[in-house]
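Novice: Contents of entry-v2.txt (compact mmCIF, C-alpha atoms):
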```txt
# COMPACT_ATOMS: atom_id res chain seq x y z
CA MET A 1 -25.23 5.61 11.90
CA PRO A 2 -22.47 5.68 9.23
CA ALA A 3 -18.87 5.99 10.41
CA ARG A 4 -17.66 9.57 10.69
CA ARG A 5 -15.80 11.46 7.97
CA ASP A 6 -14.34 14.93 8.35
CA ASN A 7 -15.67 15.90 4.91
CA PRO A 8 -18.89 14.14 3.87
CA SER A 9 -18.02 14.49 0.17
CA ILE A 10 -14.63 12.74 0.48
CA PRO A 11 -14.33 9.00 1.25
CA ALA A 12 -11.81 9.29 4.07
CA TRP A 13 -12.94 7.79 7.36
CA SER A 14 -11.32 9.22 10.49
CA ARG A 15 -10.64 5.84 12.07
CA ASP A 16 -9.19 4.31 8.90
CA GLN A 17 -5.78 5.76 9.69
CA LEU A 18 -2.73 4.03 11.05
CA ASP A 19 -2.30 6.62 13.82
CA SER A 20 -5.96 6.65 14.88
CA PRO A 21 -6.41 5.95 18.59
CA CYS A 22 -9.66 4.13 17.80
CA PRO A 23 -10.14 1.11 15.50
CA PRO A 24 -12.09 1.36 12.23
CA GLU A 25 -15.87 1.16 12.49
CA LEU A 26 -17.40 -1.79 10.63
CA GLU A 27 -20.88 -1.57 9.17
CA ALA A 28 -23.28 -3.43 6.93
CA PRO A 29 -23.19 -2.19 3.31
CA TYR A 30 -25.06 1.08 2.84
CA PHE A 31 -25.58 3.67 0.10
CA ASP A 32 -24.00 7.00 0.97
CA LYS A 33 -25.94 9.88 -0.55
CA HIS A 34 -23.02 12.31 -0.27
CA LEU A 35 -20.58 9.98 -2.01
CA ARG A 36 -23.30 8.60 -4.30
CA ALA A 37 -21.85 5.16 -3.75
CA TRP A 38 -22.23 1.97 -1.77
CA VAL A 39 -19.76 1.66 1.10
CA LEU A 40 -18.37 -1.71 2.20
CA SER A 41 -16.25 -2.16 5.34
CA ARG A 42 -16.72 -5.75 6.53
CA HIS A 43 -14.20 -8.34 5.36
CA ALA A 44 -16.84 -10.72 3.99
CA ASP A 45 -18.53 -7.98 1.94
CA ILE A 46 -15.25 -6.67 0.52
CA LEU A 47 -14.16 -10.20 -0.41
CA THR A 48 -17.45 -10.73 -2.25
CA ALA A 49 -16.91 -7.46 -4.11
CA PHE A 50 -13.41 -8.48 -5.18
CA ARG A 51 -14.76 -11.75 -6.53
CA ALA A 52 -17.77 -10.24 -8.31
CA SER A 53 -17.29 -10.28 -12.10
CA SER A 54 -19.86 -7.51 -12.48
CA LEU A 55 -17.89 -5.02 -10.39
CA SER A 56 -15.30 -3.29 -12.52
CA PRO A 57 -12.31 -1.34 -11.14
CA SER A 58 -12.64 2.44 -11.30
CA GLY A 59 -10.88 5.46 -9.86
CA PRO A 60 -11.92 7.99 -7.23
CA ASN A 61 -12.88 10.49 -9.94
CA ASP A 62 -14.13 7.96 -12.47
CA GLN A 63 -17.86 7.31 -12.56
CA ASN A 64 -17.86 4.73 -15.33
CA GLY A 65 -15.32 2.03 -14.48
CA VAL A 66 -13.58 0.00 -17.16
CA GLU A 67 -15.54 -0.25 -20.39
CA PRO A 68 -15.99 -3.78 -21.81
CA SER A 69 -13.77 -2.79 -24.75
CA GLY A 70 -11.02 -1.86 -22.31
CA GLU A 71 -11.23 -5.02 -20.23
CA SER A 72 -9.43 -7.11 -22.87
CA ALA A 73 -6.57 -4.59 -22.97
CA ARG A 74 -6.39 -4.63 -19.18
CA THR A 75 -6.27 -8.44 -19.16
CA LYS A 76 -3.52 -8.45 -21.79
CA MET A 77 -1.49 -5.97 -19.74
CA ARG A 78 -1.88 -8.15 -16.62
CA TRP A 79 -0.59 -11.24 -18.42
CA GLU A 80 2.38 -9.37 -19.87
CA THR A 81 3.26 -8.02 -16.45
CA MET A 82 2.91 -11.42 -14.78
CA GLU A 83 5.28 -12.92 -17.34
CA ALA A 84 7.81 -10.15 -16.67
CA LEU A 85 7.52 -10.76 -12.92
CA SER A 86 8.20 -14.48 -13.01
CA ALA A 87 9.56 -16.30 -9.97
CA ASN A 88 12.96 -16.61 -11.64
CA GLN A 89 13.08 -12.89 -12.38
CA LEU A 90 12.08 -11.99 -8.82
CA ARG A 91 14.88 -14.19 -7.49
CA ALA A 92 17.37 -12.52 -9.80
CA TRP A 93 16.31 -9.05 -8.67
CA ARG A 94 16.39 -10.11 -5.02
CA GLU A 95 19.99 -11.26 -5.43
CA ARG A 96 20.89 -7.78 -6.71
CA ILE A 97 18.85 -5.84 -4.14
CA ALA A 98 19.89 -7.79 -1.04
CA PRO A 99 23.60 -6.77 -0.98
CA GLU A 100 22.63 -3.14 -1.57
CA ALA A 101 20.23 -3.31 1.40
CA VAL A 102 22.83 -4.95 3.62
CA ALA A 103 25.47 -2.38 2.69
CA LEU A 104 23.16 0.54 3.39
CA THR A 105 21.98 -1.02 6.66
CA ASN A 106 25.60 -1.35 7.78
CA ARG A 107 26.08 2.37 7.19
CA LEU A 108 23.11 3.34 9.39
CA PRO A 109 24.31 4.77 12.71
CA SER A 110 23.34 3.30 16.06
CA GLU A 111 22.52 5.26 19.19
CA GLU A 112 21.92 8.48 17.26
CA THR A 113 18.98 9.77 15.29
CA VAL A 114 18.53 8.73 11.67
CA ASP A 115 15.65 9.19 9.23
CA LEU A 116 14.74 5.74 7.93
CA MET A 117 12.85 7.30 5.02
CA ASP A 118 15.56 9.50 3.47
CA GLY A 119 18.40 7.44 4.88
CA TYR A 120 17.19 3.99 3.90
CA ALA A 121 13.76 3.43 2.31
CA ARG A 122 13.80 6.07 -0.42
CA PRO A 123 17.33 5.47 -1.78
CA LEU A 124 16.78 1.71 -1.87
CA CYS A 125 13.38 2.01 -3.55
CA LEU A 126 14.78 4.43 -6.13
CA LEU A 127 17.48 1.88 -6.91
CA VAL A 128 14.80 -0.81 -7.25
CA ALA A 129 12.69 1.41 -9.51
CA ALA A 130 15.64 2.06 -11.82
CA MET A 131 16.57 -1.62 -11.90
CA ILE A 132 13.11 -2.91 -12.73
CA THR A 133 12.13 -0.23 -15.25
CA GLY A 134 15.51 -0.49 -16.98
CA ILE A 135 16.78 3.07 -16.59
CA SER A 136 20.02 4.34 -15.07
CA ARG A 137 20.29 5.54 -11.48
CA ASP A 138 21.10 9.03 -12.72
CA ALA A 139 17.95 9.05 -14.86
CA ALA A 140 15.95 7.81 -11.89
CA GLU A 141 17.26 10.68 -9.77
CA ASP A 142 16.30 13.18 -12.48
CA LEU A 143 12.74 11.79 -12.68
CA CYS A 144 12.19 11.54 -8.95
CA GLU A 145 10.43 14.90 -8.54
CA MET A 146 8.02 14.16 -11.41
CA ALA A 147 7.20 10.80 -9.84
CA ARG A 148 6.64 12.47 -6.48
CA ARG A 149 4.02 14.78 -8.00
CA VAL A 150 2.16 11.85 -9.54
CA SER A 151 2.25 9.91 -6.27
CA ALA A 152 0.95 12.94 -4.36
CA SER A 153 -2.14 12.93 -6.56
CA ALA A 154 -2.77 9.27 -5.75
CA ALA A 155 -2.40 10.06 -2.06
CA GLU A 156 -4.97 12.87 -2.30
CA PRO A 157 -7.01 12.56 -5.49
CA TYR A 158 -9.52 15.23 -4.46
CA ASP A 159 -7.08 18.16 -4.49
CA PRO A 160 -7.51 19.94 -7.88
CA ALA A 161 -4.12 21.67 -7.76
CA VAL A 162 -2.31 18.41 -7.02
CA ARG A 163 -4.17 16.71 -9.86
CA VAL A 164 -3.12 19.40 -12.34
CA SER A 165 0.49 19.10 -11.23
CA ALA A 166 0.35 15.31 -11.57
CA LYS A 167 -1.13 15.52 -15.07
CA SER A 168 1.79 17.52 -16.42
CA ALA A 169 4.30 15.28 -14.61
CA ASN A 170 2.64 12.19 -16.05
CA ALA A 171 3.07 13.55 -19.56
CA VAL A 172 6.79 13.96 -19.00
CA LEU A 173 7.22 10.52 -17.44
CA ARG A 174 5.41 8.72 -20.26
CA GLY A 175 8.00 9.97 -22.71
CA CYS A 176 10.87 8.50 -20.68
CA PHE A 177 9.95 4.80 -20.67
CA HIS A 178 9.68 2.88 -23.92
CA SER A 179 10.24 -0.82 -23.23
CA GLY A 180 8.79 -3.59 -21.11
CA PRO A 181 5.18 -4.18 -20.03
CA GLU A 182 3.11 -1.03 -19.71
CA ALA A 183 2.66 -1.53 -15.96
CA LEU A 184 6.44 -1.51 -15.47
CA ARG A 185 7.08 1.75 -17.31
CA ASP A 186 6.16 5.19 -15.93
CA SER A 187 3.44 3.95 -13.55
CA GLY A 188 5.77 1.23 -12.30
CA PHE A 189 8.50 3.77 -11.71
CA VAL A 190 6.13 5.94 -9.64
CA ALA A 191 4.90 2.97 -7.63
CA LEU A 192 8.37 1.64 -6.86
CA SER A 193 10.19 4.92 -6.26
CA GLN A 194 7.42 6.75 -4.37
CA THR A 195 4.56 4.55 -3.21
CA LEU A 196 6.68 1.63 -2.01
CA PRO A 197 8.69 3.80 0.44
CA CYS A 198 5.38 5.02 1.86
CA LEU A 199 4.29 1.44 2.42
CA LEU A 200 7.60 0.62 4.12
CA GLY A 201 7.31 3.71 6.31
CA ASN A 202 3.89 2.58 7.50
CA ALA A 203 5.13 -0.97 8.11
CA TRP A 204 8.18 0.09 10.13
CA PHE A 205 6.19 2.65 12.10
CA ALA A 206 3.68 -0.07 13.02
CA LEU A 207 6.44 -2.51 13.96
CA MET A 208 8.02 0.07 16.26
CA GLN A 209 4.73 0.37 18.15
CA TYR A 210 5.25 -3.27 19.18
CA PRO A 211 8.89 -3.49 20.35
CA GLU A 212 8.47 -7.11 21.41
CA GLU A 213 7.65 -7.99 17.79
CA TRP A 214 10.74 -6.14 16.50
CA SER A 215 12.79 -8.01 19.10
CA LEU A 216 11.35 -11.33 17.95
CA LEU A 217 12.31 -10.57 14.35
CA HIS A 218 15.80 -9.60 15.49
CA GLN A 219 16.12 -12.97 17.17
CA ARG A 220 14.45 -14.83 14.32
CA PRO A 221 14.95 -12.84 11.09
CA GLU A 222 13.80 -15.87 9.10
CA LEU A 223 10.27 -14.76 10.07
CA THR A 224 10.61 -11.58 8.00
CA GLU A 225 8.50 -12.72 5.04
CA GLN A 226 5.70 -13.79 7.38
CA ALA A 227 6.04 -10.52 9.27
CA ILE A 228 5.71 -8.51 6.05
CA GLU A 229 2.37 -10.21 5.43
CA GLU A 230 1.18 -9.15 8.85
CA LEU A 231 2.46 -5.60 8.41
CA LEU A 232 0.71 -5.37 5.04
CA ARG A 233 -2.52 -6.29 6.83
CA TYR A 234 -2.08 -4.01 9.81
CA ALA A 235 -0.38 -1.03 8.18
CA GLY A 236 -1.32 -1.29 4.51
CA LEU A 237 -1.26 1.88 2.48
CA THR A 238 -4.41 2.13 0.38
CA ARG A 239 -7.40 3.37 2.36
CA THR A 240 -10.12 2.80 -0.25
CA LEU A 241 -10.68 1.16 -3.63
CA PHE A 242 -13.44 1.97 -6.07
CA LYS A 243 -15.57 -0.21 -8.32
CA THR A 244 -18.54 0.33 -10.64
CA ALA A 245 -21.32 -2.19 -11.25
CA THR A 246 -21.45 -3.28 -14.90
CA ALA A 247 -24.69 -5.19 -14.23
CA ASP A 248 -27.26 -5.52 -11.47
CA LEU A 249 -26.01 -7.76 -8.69
CA ASP A 250 -26.80 -9.06 -5.25
CA LEU A 251 -23.97 -8.52 -2.79
CA ASN A 252 -24.60 -10.57 0.35
CA GLY A 253 -28.27 -9.60 0.33
CA PHE A 254 -27.88 -5.99 -0.83
CA SER A 255 -29.07 -5.06 -4.32
CA ILE A 256 -26.61 -2.99 -6.32
CA ARG A 257 -27.76 -1.69 -9.68
CA LYS A 258 -25.83 -1.34 -12.89
CA GLY A 259 -23.86 1.92 -12.95
CA GLU A 260 -23.73 2.37 -9.18
CA ARG A 261 -20.35 2.88 -7.57
CA VAL A 262 -18.95 0.81 -4.72
CA ILE A 263 -16.27 1.98 -2.26
CA LEU A 264 -14.21 -0.65 -0.45
CA ARG A 265 -12.79 0.46 2.90
CA ILE A 266 -9.64 -1.66 2.74
CA ILE A 267 -8.17 -0.72 6.11
CA ALA A 268 -11.46 -1.48 7.87
CA GLY A 269 -11.72 -4.89 6.21
CA ASN A 270 -8.17 -5.70 7.26
CA ARG A 271 -9.12 -5.07 10.90
CA ASP A 272 -12.36 -7.09 10.96
CA PRO A 273 -12.47 -9.22 14.17
CA GLU A 274 -14.81 -11.64 12.39
CA ARG A 275 -11.87 -12.54 10.14
CA PHE A 276 -8.74 -11.87 12.20
CA THR A 277 -7.91 -12.77 15.79
CA GLU A 278 -6.92 -9.69 17.78
CA PRO A 279 -6.94 -7.60 14.59
CA HIS A 280 -5.83 -4.34 16.21
CA ARG A 281 -2.36 -5.52 17.18
CA VAL A 282 0.74 -6.59 15.25
CA ASP A 283 1.60 -10.28 15.52
CA VAL A 284 4.50 -11.23 13.24
CA THR A 285 3.74 -14.93 13.75
CA ARG A 286 0.13 -14.54 12.56
CA ARG A 287 -0.90 -17.16 10.04
CA ASP A 288 -4.49 -16.21 9.26
CA GLY A 289 -3.95 -14.43 5.94
CA GLY A 290 -6.54 -12.91 3.67
CA HIS A 291 -5.85 -9.18 3.91
CA PHE A 292 -6.82 -6.82 1.07
CA THR A 293 -3.80 -4.53 0.94
CA LEU A 294 -2.74 -6.03 -2.40
CA GLY A 295 -6.26 -6.79 -3.60
CA ALA A 296 -7.87 -10.19 -3.94
CA GLY A 297 -9.25 -12.54 -6.56
CA PRO A 298 -9.07 -11.57 -10.24
CA HIS A 299 -8.34 -7.97 -9.27
CA ALA A 300 -5.35 -8.70 -7.03
CA CYS A 301 -2.35 -6.44 -7.57
CA VAL A 302 -0.37 -7.87 -10.47
CA ALA A 303 2.88 -6.79 -8.82
CA ALA A 304 2.04 -8.30 -5.42
CA GLY A 305 4.94 -10.75 -5.57
CA LEU A 306 7.37 -7.97 -6.41
CA ILE A 307 6.13 -5.77 -3.57
CA ARG A 308 6.40 -8.61 -1.06
CA MET A 309 9.88 -9.52 -2.27
CA VAL A 310 11.26 -5.98 -2.04
CA ALA A 311 9.61 -5.28 1.32
CA ALA A 312 11.08 -8.44 2.84
CA THR A 313 14.49 -7.98 1.23
CA VAL A 314 15.00 -4.46 2.60
CA THR A 315 13.41 -5.15 6.01
CA HIS A 316 15.39 -8.32 6.74
CA PRO A 317 18.84 -6.69 7.23
CA LEU A 318 17.28 -3.86 9.24
CA VAL A 319 15.73 -6.12 11.88
CA GLN A 320 18.67 -8.52 11.74
CA ARG A 321 21.28 -5.86 12.57
CA PHE A 322 19.33 -3.72 15.04
CA ALA A 323 17.85 -5.14 18.23
CA SER A 324 15.40 -2.26 18.59
CA ALA A 325 14.17 0.93 16.98
CA ASN A 326 12.48 3.77 18.83
CA LEU A 327 10.91 6.94 17.51
CA ALA A 328 13.08 9.98 18.12
CA LEU A 329 10.61 12.60 16.88
CA PRO A 330 6.83 12.73 16.43
CA ILE A 331 5.60 11.57 13.03
CA GLN A 332 4.59 14.15 10.45
CA TRP A 333 2.05 12.48 8.19
CA GLN A 334 1.72 13.16 4.47
CA GLY A 335 -0.99 12.25 1.97
CA GLY A 336 -4.74 12.24 2.32
CA SER A 337 -7.83 10.27 1.41
CA GLY A 338 -5.97 7.92 -0.96
CA PHE A 339 -3.21 6.98 1.43
CA ARG A 340 -1.17 8.43 4.31
CA SER A 341 2.38 7.71 5.38
CA PRO A 342 5.22 9.23 7.44
CA SER A 343 7.04 12.00 5.59
CA SER A 344 10.04 11.13 7.77
CA LEU A 345 10.81 8.43 10.31
CA TRP A 346 13.42 9.72 12.76
CA VAL A 347 14.50 6.89 15.04
CA TYR A 348 17.15 5.65 17.44
CA LEU A 349 18.52 2.28 16.32
CA SER A 350 20.18 0.06 18.91
CA LEU A 351 22.46 -2.91 18.26
```
Written as structure tokens, how would this file's structure read?
Specialist:
Amino acid sequence: MPARRDNPSIPAWSRDQLDSPCPPELEAPYFDKHLRAWVLSRHADILTAFRASSLSPSGPNDQNGVEPSGESARTKMRWETMEALSANQLRAWRERIAPEAVALTNRLPSEETVDLMDGYARPLCLLVAAMITGISRDAAEDLCEMARRVSASAAEPYDPAVRVSAKSANAVLRGCFHSGPEALRDSGFVALSQTLPCLLGNAWFALMQYPEEWSLLHQRPELTEQAIEELLRYAGLTRTLFKTATADLDLNGFSIRKGERVILRIIAGNRDPERFTEPHRVDVTRRDGGHFTLGAGPHACVAAGLIRMVAATVTHPLVQRFASANLALPIQWQGGSGFRSPSSLWVYLSL
């Protein structure tokens, strides 16, 4: 029996949520008549889908995927973005971001409540977004609300009103960025100023559920980069990805025909016990990589290195300064079938 969804027409599985008391349900690939798509949840099946050249990326409301004529443009954009995100450039940005993160961490109060989202994650990520897209901090502040509307549509792509709002905001944002690779213009600004704080909120929430792991990072902050990898696996943001078959293919014994859609349950794949030891707990010393939060194979996120760098750079001073962090208020979750995250993260930080 297929895993339960609250709305059969929306690909949002109840257990594929960070705050679910039950782990994701894993199943063999099957065709869902309500979604009119194949659904993959096991790690091995999702990995095969990422590697399949005949499965093209598509969106939740896109039935056609990337046309062959558009694939060359997509490839060109990827190469331009990769060149802009060179190792040397990432190091240079890290050297600028790190002192800002340390300074803001030092201003966070201890032994009283503070919202890590508005007090730490969002201002730092807005600074990063301005830095990397080449606009001023004042301009970034002015564009923040437009970016929030676009991000809200990615979080819940099946809400018509949110989609209309995002469309008009997108039009405004496109006119504000004119240089650099396309992926680091308006869409990059939205991802860095809005989506990245959501990812950090999920990661820190997950880490706080395992105080012994926070304590270990406090004692050994040099493990932060490794810990970020584990937190990306355990608390990654994207719930599902979509692909469309550009040719008939066999996927681990299941026949998928040209034109059929495929839905990848990313969170479920990241919790597959066939791939990860004790997958339903955070272990910041874990070394068995292979999560799908930033994609895989030829369709891996082109900005994966940037995301990892920023996440580690802003998390390091937080766990280094504070010995523990405990929730002060219940989490109010925002988002929907695309991704969910804490709208605020009120905590007590202890030295």
Novice: Could you check which of A:Leu237, A:Ala166, A:Ala328, A:Ala37 is closest to A:Asp115, using only C-alpha atoms?
Specialist: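 That would be A:Ala328, the residue with the smallest distance to A:Asp115.
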Novice: Can you work out which one of A:Pro11, A:Thr105, A:Ile331, A:Leu306 has the shortest atom-to-atom distance to A:Trp93, counting only C-alpha atoms?
Specialist: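 Closest candidate: A:Leu306.
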Novice: Just give me the residues with any atom within 9 Å of (-8.2, -13.9, 6.3), file coordinates, counting only C-alpha atoms, written as a list in words.
Specialist: His43, Asn270, Arg275, Phe276, Arg287, Asp288, Gly289, Gly290, His291 and Phe292 of chain A
Novice: Need to verify the contact set: stretch 94-98 of chain A, 8 Å, only C-alpha atoms, exclusion of same-chain residues closer than 5 positions in sequence. Can you return it as a list of chain:residue names?
Specialist: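 Neighbouring residues, sequence-local ones excluded: A:Val128, A:Met309, A:Val310, A:Thr313, A:Val314.
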Novice: Write a file of the just-selected residues containing C-alpha atoms, as a PDB file, in the coordinates of the input.
Specialist:
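Contents of again-v6.pdb, freshly written:
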```pdb
ATOM      1  CA  VAL A 128      14.800  -0.810  -7.250  1.00  0.00           C
ATOM      2  CA  MET A 309       9.880  -9.520  -2.270  1.00  0.00           C
ATOM      3  CA  VAL A 310      11.260  -5.980  -2.040  1.00  0.00           C
ATOM      4  CA  THR A 313      14.490  -7.980   1.230  1.00  0.00           C
ATOM      5  CA  VAL A 314      15.000  -4.460   2.600  1.00  0.00           C
TER       6      VAL A 314
END
```
Novice: Give the answer as one residue: which of A:Leu108, A:Leu143, A:Ala87, A:Ala268 has the shortest atom-to-atom distance to A:Cys22, using all atoms listed in the file?
Specialist: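 Of A:Leu108, A:Leu143, A:Ala87, A:Ala268, the one nearest A:Cys22, counting all atoms listed in the file, is A:Ala268.
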Novice: Which residue, A:Gly188, A:Gly134, A:Pro197, A:Pro160, has the smallest gap to A:Ser341 when you use only C-alpha atoms?
Specialist: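 Going through A:Gly188, A:Gly134, A:Pro197, A:Pro160 one by one, the smallest distance to A:Ser341 is for A:Pro197.
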Novice: May I ask for the distance between atom CA of A:Asp272 and atom CA of A:Thr293, given in Å to one decimal place?
Specialist: 13.4 Å
Novice: Using only C-alpha atoms, which of the listed residues (A:Glu278, A:Asn202, A:Gly297, A:Ala49) sits closest to A:Leu18?
Specialist: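 Smallest separation from A:Leu18 among the options: A:Asn202.
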Novice: Go through A:Tyr158, A:Tyr234, A:Phe50, A:Tyr120 and flag the residue nearest A:Ala203, using only C-alpha atoms for the distances.
Specialist: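 Checking each candidate against A:Ala203, we get A:Tyr234 as the closest.
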Novice: Skipping near chain neighbours, those fewer than 4 positions away, what residues fall within 7 Å of A:Leu264 using only C-alpha atoms, listed as a ChimeraX atom specification?
Specialist: /A:39-41,46,240-242
Novice: Could you check how far atom CA of A:Val347 sits from atom CA of A:Gln332, in Å to one decimal?
Specialist: 13.1 Å
Novice: Counting all atoms listed in the file, what is within 10 Å of A:Leu345, bar same-chain residues fewer than 2 positions away, as an mmCIF file with C-alpha atoms, in the frame of the given file?
Specialist:
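In the end it all went to result.cif:
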```cif
data_model
loop_
_atom_site.group_PDB
_atom_site.id
_atom_site.type_symbol
_atom_site.label_atom_id
_atom_site.label_comp_id
_atom_site.auth_asym_id
_atom_site.auth_seq_id
_atom_site.Cartn_x
_atom_site.Cartn_y
_atom_site.Cartn_z
ATOM 1 C CA THR A 113 18.980 9.770 15.290
ATOM 2 C CA VAL A 114 18.530 8.730 11.670
ATOM 3 C CA ASP A 115 15.650 9.190 9.230
ATOM 4 C CA LEU A 116 14.740 5.740 7.930
ATOM 5 C CA MET A 117 12.850 7.300 5.020
ATOM 6 C CA ASP A 118 15.560 9.500 3.470
ATOM 7 C CA GLY A 119 18.400 7.440 4.880
ATOM 8 C CA ALA A 121 13.760 3.430 2.310
ATOM 9 C CA GLY A 201 7.310 3.710 6.310
ATOM 10 C CA ASN A 202 3.890 2.580 7.500
ATOM 11 C CA TRP A 204 8.180 0.090 10.130
ATOM 12 C CA PHE A 205 6.190 2.650 12.100
ATOM 13 C CA ASN A 326 12.480 3.770 18.830
ATOM 14 C CA LEU A 327 10.910 6.940 17.510
ATOM 15 C CA ALA A 328 13.080 9.980 18.120
ATOM 16 C CA LEU A 329 10.610 12.600 16.880
ATOM 17 C CA PRO A 330 6.830 12.730 16.430
ATOM 18 C CA ILE A 331 5.600 11.570 13.030
ATOM 19 C CA GLN A 332 4.590 14.150 10.450
ATOM 20 C CA TRP A 333 2.050 12.480 8.190
ATOM 21 C CA SER A 341 2.380 7.710 5.380
ATOM 22 C CA PRO A 342 5.220 9.230 7.440
ATOM 23 C CA SER A 343 7.040 12.000 5.590
ATOM 24 C CA VAL A 347 14.500 6.890 15.040
ATOM 25 C CA TYR A 348 17.150 5.650 17.440
#
```
Novice: Just how far from atom CA of A:Ala3 is atom CA of A:Glu25, in Å to one decimal?
Specialist: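 Interatomic distance, atom CA of A:Glu25 to atom CA of A:Ala3: 6.1 Å.
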Novice: What's around A:Glu141 at 10 Å? Count all atoms listed in the file, leave out sequence neighbours fewer than 6 positions away in its own chain, and write the answer as a ChimeraX atom specification.
Specialist: /A:123,126-127,130,193
Novice: For a cutoff of 7 Å around the file-coordinate point (3.0, -4.9, 12.6), which residues qualify once you count only C-alpha atoms? I'd like the result as number ranges by chain.
Specialist: A: 203, 206-207, 230-231, 234-235, 282-284
Novice: Name the residues in contact with A:Pro298 at a cut-off of 12 Å, using all atoms listed in the file, excluding same-chain residues fewer than 4 positions from it; report them as a list in words.
Specialist: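 The contact residues come out as Leu47, Thr48, Ala49, Phe50, Arg51, Ala52, Ser53, Ser54, Leu55, Ser56, Pro57, Arg74, Thr75, Arg78, Trp79, Leu294 and Val302 of chain A.
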Novice: For stretch 258-272 of chain A, what centre and edge lengths in Å (one decimal) does the axis-aligned box get once 6 Å is added on each side of all its listed atoms, as lines of an AutoDock Vina configuration file?
Specialist:
```
center_x = -17.0
center_y = -2.1
center_z = -1.0
size_x = 29.7
size_y = 22.0
size_z = 35.9
```
